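A short write-up of the structure that comes next.
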2 protein chains.
Amino acid sequence: MTAFASDAALSLPAGALEQLRTALGSGGLLTEASDMAPFVTDWRNLFHGRACAVARPATAEACAEALRICAEHKIAVVPQGGNTSMVGGATPDESGRALVLATSRMNRVRAIDPIDQTMTIEAGVTLKAAQDAAKEAGLLLPLSISSEGSAEIGGVLATNAGGNNTVRYGNARELVLGLEVALPDGRKLDLMRRLRKDNTGYALRQIFIGSEGTLGLITAAILQLQPAPRSIEAALCAVESPAAALRLFAAFRSREPSAIQAFEFMSGVSMGLVNTLIPDAKLPLSEPAAAYVLVELASPREGGALRELMEEALGDALENGLVTDAVLAESEAQRGALWKLREEHAEAQKRAGASVKNDVSVPLSAIPEFIERASAACEALIPGVRVAPFGHIGDGNIHFNLVQPEGADGAAFLARDHDIMDAVAGIVRELGGSFSAEHGVGQLKTYMMPDWRGGAELDVMRRIKAAIDPQGLMNPGKVLPAL
Amino acid sequence: MTAFASDAALSLPAGALEQLRTALGSGGLLTEASDMAPFVTDWRNLFHGRACAVARPATAEACAEALRICAEHKIAVVPQGGNTSMVGGATPDESGRALVLATSRMNRVRAIDPIDQTMTIEAGVTLKAAQDAAKEAGLLLPLSISSEGSAEIGGVLATNAGGNNTVRYGNARELVLGLEVALPDGRKLDLMRRLRKDNTGYALRQIFIGSEGTLGLITAAILQLQPAPRSIEAALCAVESPAAALRLFAAFRSREPSAIQAFEFMSGVSMGLVNTLIPDAKLPLSEPAAAYVLVELASPREGGALRELMEEALGDALENGLVTDAVLAESEAQRGALWKLREEHAEAQKRAGASVKNDVSVPLSAIPEFIERASAACEALIPGVRVAPFGHIGDGNIHFNLVQPEGADGAAFLARDHDIMDAVAGIVRELGGSFSAEHGVGQLKTYMMPDWRGGAELDVMRRIKAAIDPQGLMNPGKVLPAL
């Protein structure tokens, strides 16, 4: 240990510092508080932790060796990708005893195979860079989330990210053929097989996907890509209710489910905020509606088949009243303009004042009842509250957001956030839903696990945790509540 | 214990017999050797075991209670569905100390939801009955295997079954939204959620799917169904080589991957056996070819779009020489006739004499090299051997079967089975493949696990096994080799 080691580094157990420096090389270990600052706070600014060091290995081998050293010295490890967690999943606690292991330097696309249509990729590649690499090879990585410019593949898989295209391609889990994991004891678990069929023992990769770094650290993966689409059609539809939106989804699905690349719901209230508060986001329909759907169809096939499908489906829906008005994008620019109307909801809600977010899912069939009951419950709690849900209705995943009453005090509204979340959660639970559809548990929602996933379920999770991470060093305090 | 209890029942620990009788009710427990006979031998007639009793619970609750009683008395439990394992996965050992737990009486379709397009179903429903129930509701359960008339849902999920339609819909794993499991200690693990997005802790259902009954007993599941197809097109194509078959797959995939419901490869040798030895299975092409592909496209959409896609793709392939001849089914009867040419390969090979089977997979891109090298290796080992591969080329899954030389001694050929399997396996391994693509490990292939899945991988599997089944009572001797 050098004479000028920072306070943080001083909390590294004796011997560990030099071992880590040797393993990680120059620039691979940060110990100055100022250097570590970006790594100890989440981007939502909800959690502020401390770390004894930040390790930045450039290879899977160095990463595994860092974990081995940490295991030897009983140092907790907090894996961190692009640091875009919505639930504090990548932020250390305040003890300063944990080491943050940042994956950004493991950032090679190792291979793309055009016949297998697979991509072999390291944990630190951003999702956007991975999408671009696939595109360059004439292929599609069918996963899209709003943080894709910063979010890294390791974190995307560790949290089983969802997004706009899961209605067609599934969550991140469904794209993974192979996985490479550094285990808590520093061993490498090599599951890097490019096979679509392989029934030789337990599906270990599945237990690491979505485990939020609490069982090991994903260092690389093999992803299944898709042919790039050659035709895309998008339409914005006005509908009278969530029930109509759901019936419209069923109508598209019964025609050609695999053509539906996105099917997004937006409440009239939330669209009103976008229309009012976001410049250049103007509703291209003659009058406002109770709700909207953005439907996007895609196919690798050229020609007019997709357009025909869209026109047939919309024509029928307009005729039978399921859709009251619709506009079809006639150019890439128009398609972009329709998507802007979907993508600006979070920003518009922010500009409208304080808001409370619920990332929930229910069975598809329960969506209309959920929105109706949750809206009524929130309006009863906070008269004048703006109920502004939107989301991936084709997956049963609604971002059920509440915006403060116009002109009211934001802080007073936020003081009721737990009342609101509890009311929404209670209805979600009665309908057999999930309290975290996409964002995971992290540290923000850990407290909900015993109640929602208690009994045998939580017990089996704890047994798996103890079996794979017996010292309890990987991302402590995340997913599983302390005993 | 009654005075007339059979020898088998006598090996039940004191007290367990009465407890099990009470829990399972009349007809729920078999203890006579003659009654148990069908349950202690596998259908391939490879394994002959004994059991202390056969439990046949009618409900998930009775099933869990039986497991609790077995745990109390340290009785091993061998779960059994339709008893169609290819690898002895459901057959007890010869000790007679294990209890077979047969799921056939848990056979209710609990619910089908047309909006969610889900089916809630108990373990003992046969796959065929489940397909029929889906069809009656206007939906498709997109899983088809040759044993579907006997195979039961519990076993289908416990072995992550594959089959003809995985190229489009994935393996059994990809169809499962919810799972209900009786744990080895008799607790019920309720993961019966009908959600397409749910990131609340470890994906426990994934660890039970494909674990072959070694971690618990699947009692029910919620499956994701699909809209029923309204148009289907099938064609049989003659191609010059496996490489041409693979290029043809890539050509179809680049047009519309989601339209490909099946893409089956058949070697000329194997098709020759079908053509010669199976009455009513006649090749509808003017002359025999080196290899064949059966491609089937399907869509819920009515109209001519699918036919157009098939004709475009085949037209191009004939023009550029990828396909040398092709026939398109013009009726359901003709489609049936084409499928008969695919389905009779196992039977034709059986009629041609002794054969050695290899259910292997490799990355798609490695298929041509695999078939070429494995063929040469087997021909060098056994001059005159008939190399007769066929299978799901779109998944990289080839049933690489070898038929004895014409007129040779079958027993002498079978005496070389391990030489043949080892030669094939060696090449599969060099190409990054799997020694069991579809059939699982069971007891037949357990010995291969340390070599193929050894080190950290097998160690983590063993840790999970010990964590969930600490007494080691669930399906002992399957998947994981004895220490």
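Here, A, B, ... name the chains of the structure tokens in the order displayed, residue numbers run from 1 inside each chain, and ligands are numbered from 1 in the same displayed order.
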
Practice task
List every residue of stretch 17-177 of chain B that DSSP, applied to the backbone, labels as strand (DSSP E), and write the result as an MDAnalysis selection string.
Solution key: chainID B and resid 29:30 53:55 77:80 99:102 109:113 118:122 139:140 176:177

Handout entry: Selection: 9 Å around A:Met271, only C-alpha atoms, excl. self and same-chain fewer than 5 positions, as a PyMOL selection string
Key = chain A and resi 266+276+283+288+291-292+341-342+344-345+348+388+390

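Residues in contact range of A:Ala58, defined as at most 9 Å between only C-alpha atoms, with sequence neighbours fewer than 5 positions away removed, read A:Leu24, A:Gly28, A:Cys63, A:Thr103, A:Ser104, A:Arg105, A:Met106, A:Asn107.
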
For the selection you just gave me, I'd like the residues written to a file as a PDB file, in the first residue's frame, keeping N, CA, C and O atoms.
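Output below, filename out.pdb:
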```pdb
ATOM      1  N   LEU A  24      -4.977  -6.190 -12.497  1.00  0.00           N
ATOM      2  CA  LEU A  24      -5.764  -5.317 -13.372  1.00  0.00           C
ATOM      3  C   LEU A  24      -4.905  -4.371 -14.208  1.00  0.00           C
ATOM      4  O   LEU A  24      -5.391  -3.792 -15.180  1.00  0.00           O
ATOM      5  N   GLY A  28      -6.468   0.049 -14.387  1.00  0.00           N
ATOM      6  CA  GLY A  28      -7.504  -0.940 -14.133  1.00  0.00           C
ATOM      7  C   GLY A  28      -8.074  -0.868 -12.738  1.00  0.00           C
ATOM      8  O   GLY A  28      -9.042  -1.567 -12.425  1.00  0.00           O
ATOM      9  N   CYS A  63     -10.962 -10.075 -15.018  1.00  0.00           N
ATOM     10  CA  CYS A  63     -12.192  -9.943 -14.229  1.00  0.00           C
ATOM     11  C   CYS A  63     -12.313 -11.114 -13.245  1.00  0.00           C
ATOM     12  O   CYS A  63     -12.583 -10.924 -12.056  1.00  0.00           O
ATOM     13  N   THR A 103     -17.569  -3.043 -16.021  1.00  0.00           N
ATOM     14  CA  THR A 103     -17.263  -3.926 -17.153  1.00  0.00           C
ATOM     15  C   THR A 103     -16.886  -3.191 -18.441  1.00  0.00           C
ATOM     16  O   THR A 103     -16.537  -3.832 -19.433  1.00  0.00           O
ATOM     17  N   SER A 104     -16.909  -1.840 -18.422  1.00  0.00           N
ATOM     18  CA  SER A 104     -16.834  -1.085 -19.688  1.00  0.00           C
ATOM     19  C   SER A 104     -15.597  -1.366 -20.539  1.00  0.00           C
ATOM     20  O   SER A 104     -15.625  -1.156 -21.750  1.00  0.00           O
ATOM     21  N   ARG A 105     -14.494  -1.794 -19.894  1.00  0.00           N
ATOM     22  CA  ARG A 105     -13.286  -2.014 -20.703  1.00  0.00           C
ATOM     23  C   ARG A 105     -13.287  -3.372 -21.393  1.00  0.00           C
ATOM     24  O   ARG A 105     -12.455  -3.615 -22.274  1.00  0.00           O
ATOM     25  N   MET A 106     -14.180  -4.274 -20.982  1.00  0.00           N
ATOM     26  CA  MET A 106     -14.321  -5.547 -21.711  1.00  0.00           C
ATOM     27  C   MET A 106     -15.301  -5.294 -22.835  1.00  0.00           C
ATOM     28  O   MET A 106     -16.492  -5.559 -22.705  1.00  0.00           O
ATOM     29  N   ASN A 107     -14.835  -4.709 -23.918  1.00  0.00           N
ATOM     30  CA  ASN A 107     -15.793  -4.160 -24.883  1.00  0.00           C
ATOM     31  C   ASN A 107     -15.537  -4.583 -26.322  1.00  0.00           C
ATOM     32  O   ASN A 107     -15.722  -3.795 -27.247  1.00  0.00           O
TER      33      ASN A 107
END
```

Exercise for the section: Determine, counting only C-alpha atoms, which protein, DNA and RNA residues have an atom within 6 Å of an atom of B:Ile218; residues of the same chain fewer than 4 positions away are not included. Present the result as a PyMOL selection string. Expected result: chain B and resi 154+180-181

Write the selection just made, keeping N, CA and C atoms, as a CSV table (one decimal), in the first residue's frame?
```csv
chain,number,residue,atom,x,y,z
B,154,GLY,N,-45.7,-32.9,-18.2
B,154,GLY,CA,-44.7,-32.9,-17.1
B,154,GLY,C,-43.4,-33.3,-17.6
B,180,GLU,N,-45.7,-25.0,-11.8
B,180,GLU,CA,-46.0,-25.4,-10.4
B,180,GLU,C,-45.2,-26.7,-10.2
B,181,VAL,N,-44.5,-26.7,-9.1
B,181,VAL,CA,-43.5,-27.7,-8.8
B,181,VAL,C,-43.7,-28.3,-7.4
```

Handout entry: Residue with smallest distance to B:Gly432 - pool A:Ala55, A:Met192, A:Ile115, A:Leu20, counting only C-alpha atoms
Key =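 The shortest atom-to-atom distance to B:Gly432 comes from A:Met192.
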
Counting only C-alpha atoms, what are the residues of stretch 112-224 of chain A within 9 Å of stretch 433-455 of chain B, and for each of them which pair of atoms is the nearest and at what distance in Å, to one decimal? Sort the table by chain and rising number, as a Markdown table.
```
| residue | atom | partner | partner_atom | distance |
| --- | --- | --- | --- | --- |
| A:Leu189 | CA | B:Gly455 | CA | 8.4 |
| A:Arg193 | CA | B:Gly433 | CA | 7.4 |
| A:Arg194 | CA | B:Gly433 | CA | 8.0 |
| A:Leu195 | CA | B:Gly433 | CA | 7.0 |
| A:Arg196 | CA | B:Ala437 | CA | 8.5 |
| A:Lys197 | CA | B:Ala437 | CA | 4.9 |
| A:Asp198 | CA | B:Ala437 | CA | 4.3 |
| A:Asn199 | CA | B:Gly440 | CA | 4.8 |
| A:Thr200 | CA | B:Gly440 | CA | 5.8 |
| A:Gly201 | CA | B:Val441 | CA | 6.9 |
```

Could you write out that same residue set with N, CA, C and O atoms as a PDB file, in the first residue's frame?
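The resulting file, again-v4.pdb, is reproduced below:
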```pdb
ATOM      1  N   LEU A 189     -16.940 -19.856 -15.724  1.00  0.00           N
ATOM      2  CA  LEU A 189     -17.982 -20.802 -16.129  1.00  0.00           C
ATOM      3  C   LEU A 189     -18.217 -20.581 -17.615  1.00  0.00           C
ATOM      4  O   LEU A 189     -18.739 -19.549 -18.028  1.00  0.00           O
ATOM      5  N   ARG A 193     -21.864 -21.806 -25.876  1.00  0.00           N
ATOM      6  CA  ARG A 193     -22.231 -22.722 -26.956  1.00  0.00           C
ATOM      7  C   ARG A 193     -23.229 -22.026 -27.867  1.00  0.00           C
ATOM      8  O   ARG A 193     -24.147 -21.373 -27.413  1.00  0.00           O
ATOM      9  N   ARG A 194     -23.016 -22.222 -29.164  1.00  0.00           N
ATOM     10  CA  ARG A 194     -23.851 -21.548 -30.162  1.00  0.00           C
ATOM     11  C   ARG A 194     -24.931 -22.488 -30.659  1.00  0.00           C
ATOM     12  O   ARG A 194     -25.124 -22.657 -31.850  1.00  0.00           O
ATOM     13  N   LEU A 195     -25.633 -23.157 -29.732  1.00  0.00           N
ATOM     14  CA  LEU A 195     -26.553 -24.225 -30.112  1.00  0.00           C
ATOM     15  C   LEU A 195     -27.988 -23.837 -29.823  1.00  0.00           C
ATOM     16  O   LEU A 195     -28.300 -23.294 -28.772  1.00  0.00           O
ATOM     17  N   ARG A 196     -28.851 -24.153 -30.752  1.00  0.00           N
ATOM     18  CA  ARG A 196     -30.272 -23.904 -30.551  1.00  0.00           C
ATOM     19  C   ARG A 196     -30.943 -25.062 -29.817  1.00  0.00           C
ATOM     20  O   ARG A 196     -32.054 -24.925 -29.317  1.00  0.00           O
ATOM     21  N   LYS A 197     -30.286 -26.205 -29.802  1.00  0.00           N
ATOM     22  CA  LYS A 197     -30.797 -27.349 -29.058  1.00  0.00           C
ATOM     23  C   LYS A 197     -29.643 -27.994 -28.314  1.00  0.00           C
ATOM     24  O   LYS A 197     -28.650 -28.392 -28.929  1.00  0.00           O
ATOM     25  N   ASP A 198     -29.791 -28.133 -27.009  1.00  0.00           N
ATOM     26  CA  ASP A 198     -28.717 -28.718 -26.199  1.00  0.00           C
ATOM     27  C   ASP A 198     -29.308 -29.111 -24.856  1.00  0.00           C
ATOM     28  O   ASP A 198     -29.490 -28.271 -23.992  1.00  0.00           O
ATOM     29  N   ASN A 199     -29.640 -30.381 -24.700  1.00  0.00           N
ATOM     30  CA  ASN A 199     -30.235 -30.844 -23.444  1.00  0.00           C
ATOM     31  C   ASN A 199     -29.245 -31.701 -22.668  1.00  0.00           C
ATOM     32  O   ASN A 199     -29.396 -32.909 -22.536  1.00  0.00           O
ATOM     33  N   THR A 200     -28.202 -31.058 -22.173  1.00  0.00           N
ATOM     34  CA  THR A 200     -27.167 -31.785 -21.440  1.00  0.00           C
ATOM     35  C   THR A 200     -26.987 -31.157 -20.059  1.00  0.00           C
ATOM     36  O   THR A 200     -25.998 -30.493 -19.782  1.00  0.00           O
ATOM     37  N   GLY A 201     -27.972 -31.400 -19.210  1.00  0.00           N
ATOM     38  CA  GLY A 201     -27.883 -30.910 -17.834  1.00  0.00           C
ATOM     39  C   GLY A 201     -28.649 -29.627 -17.618  1.00  0.00           C
ATOM     40  O   GLY A 201     -29.357 -29.150 -18.506  1.00  0.00           O
TER      41      GLY A 201
END
```

Problem - Neighbour list for stretch 369-374 of chain B as a list in words, cut-off 8 Å, only C-alpha atoms, skip fewer than 4 positions in-chain - result: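 In the requested form, the answer reads Pro242, Val362, Cys378, Ala423, Val424, Ile427, Val428 and Leu431 of chain B.
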
Selection above as a file: all heavy atoms, as a CSV table (one decimal), in the first residue's frame:
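Wrote it out as selection30.csv, contents follow:
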```
chain,number,residue,atom,x,y,z
B,242,PRO,N,-25.5,-31.5,-48.1
B,242,PRO,CA,-25.9,-30.8,-46.8
B,242,PRO,C,-25.6,-29.3,-46.9
B,242,PRO,O,-26.4,-28.5,-46.4
B,242,PRO,CB,-25.1,-31.5,-45.8
B,242,PRO,CG,-24.8,-32.9,-46.3
B,242,PRO,CD,-24.7,-32.7,-47.8
B,362,VAL,N,-24.9,-29.2,-33.7
B,362,VAL,CA,-23.7,-28.4,-33.9
B,362,VAL,C,-24.2,-27.0,-34.3
B,362,VAL,O,-25.4,-26.9,-34.7
B,362,VAL,CB,-22.8,-29.0,-35.0
B,362,VAL,CG1,-22.1,-30.3,-34.5
B,362,VAL,CG2,-23.5,-29.1,-36.3
B,378,CYS,N,-17.1,-42.8,-39.9
B,378,CYS,CA,-17.8,-44.1,-39.7
B,378,CYS,C,-17.6,-45.1,-40.8
B,378,CYS,O,-17.5,-46.3,-40.6
B,378,CYS,CB,-19.3,-43.8,-39.6
B,378,CYS,SG,-19.8,-42.9,-38.1
B,423,ALA,N,-16.6,-41.9,-32.1
B,423,ALA,CA,-16.0,-41.2,-33.3
B,423,ALA,C,-16.9,-40.0,-33.7
B,423,ALA,O,-16.4,-38.9,-33.9
B,423,ALA,CB,-15.9,-42.2,-34.5
B,424,VAL,N,-18.2,-40.2,-33.7
B,424,VAL,CA,-19.1,-39.1,-34.0
B,424,VAL,C,-19.0,-38.0,-32.9
B,424,VAL,O,-18.9,-36.8,-33.2
B,424,VAL,CB,-20.6,-39.6,-34.1
B,424,VAL,CG1,-21.5,-38.5,-34.2
B,424,VAL,CG2,-20.7,-40.6,-35.3
B,427,ILE,N,-16.1,-35.6,-33.1
B,427,ILE,CA,-16.2,-34.6,-34.2
B,427,ILE,C,-17.2,-33.5,-33.7
B,427,ILE,O,-17.0,-32.3,-33.8
B,427,ILE,CB,-16.6,-35.2,-35.5
B,427,ILE,CG1,-15.5,-36.2,-36.0
B,427,ILE,CG2,-16.9,-34.1,-36.6
B,427,ILE,CD1,-15.9,-37.1,-37.0
B,428,VAL,N,-18.3,-34.0,-33.1
B,428,VAL,CA,-19.3,-33.0,-32.6
B,428,VAL,C,-18.6,-32.1,-31.6
B,428,VAL,O,-18.8,-30.8,-31.6
B,428,VAL,CB,-20.4,-33.8,-31.9
B,428,VAL,CG1,-21.3,-32.8,-31.0
B,428,VAL,CG2,-21.3,-34.5,-32.9
B,431,LEU,N,-16.4,-29.4,-33.0
B,431,LEU,CA,-17.2,-28.4,-33.7
B,431,LEU,C,-18.1,-27.6,-32.7
B,431,LEU,O,-18.9,-26.8,-33.1
B,431,LEU,CB,-18.1,-29.0,-34.8
B,431,LEU,CG,-17.3,-29.6,-35.9
B,431,LEU,CD1,-18.2,-30.4,-36.8
B,431,LEU,CD2,-16.5,-28.6,-36.7
```

B:Ala329: which residues within 12 Å, counting only C-alpha atoms, same-chain residues fewer than 5 positions away excluded, as a short mmCIF file (atom, residue, chain, number, x, y, z; two decimals) with C-alpha atoms, in the first residue's frame?
```
data_model
loop_
_atom_site.label_atom_id
_atom_site.label_comp_id
_atom_site.auth_asym_id
_atom_site.auth_seq_id
_atom_site.Cartn_x
_atom_site.Cartn_y
_atom_site.Cartn_z
CA ILE B 232 -49.82 -23.95 -44.76
CA GLU B 233 -47.50 -24.70 -47.66
CA ALA B 234 -45.14 -27.68 -47.84
CA ALA B 235 -42.54 -28.64 -50.41
CA LEU B 236 -40.04 -31.43 -50.86
CA CYS B 237 -36.79 -30.33 -52.45
CA PRO B 284 -42.66 -37.87 -55.83
CA LEU B 294 -38.90 -30.82 -46.44
CA VAL B 295 -39.82 -27.18 -45.87
CA GLU B 296 -43.14 -26.15 -44.38
CA LEU B 297 -44.37 -22.56 -44.14
CA ARG B 307 -47.98 -19.57 -51.49
CA MET B 310 -42.94 -20.37 -51.25
CA GLU B 311 -43.04 -20.07 -55.03
CA GLN B 334 -50.23 -34.39 -50.62
CA ARG B 335 -48.84 -32.55 -47.61
CA GLY B 336 -49.50 -35.67 -45.56
CA ALA B 337 -47.69 -37.75 -48.15
CA LEU B 338 -44.63 -35.47 -47.98
CA TRP B 339 -44.58 -35.68 -44.18
#
```

Practice task
Please return as a list in words: the residues of stretch 421-468 of chain B that backbone DSSP assigns to alpha helix (DSSP H).
Solution key: Met421, Asp422, Ala423, Val424, Ala425, Gly426, Ile427, Val428, Arg429, Glu430, Met449, Pro450, Asp451, Trp452, Ala456, Glu457, Leu458, Asp459, Val460, Met461, Arg462, Arg463, Ile464, Lys465, Ala466, Ala467 and Ile468 of chain B

Exercise for the section: Work out how far apart atom CA of A:Gly149 and atom CA of A:Val125 are and give it in Å to one decimal. Expected result: 10.0 Å
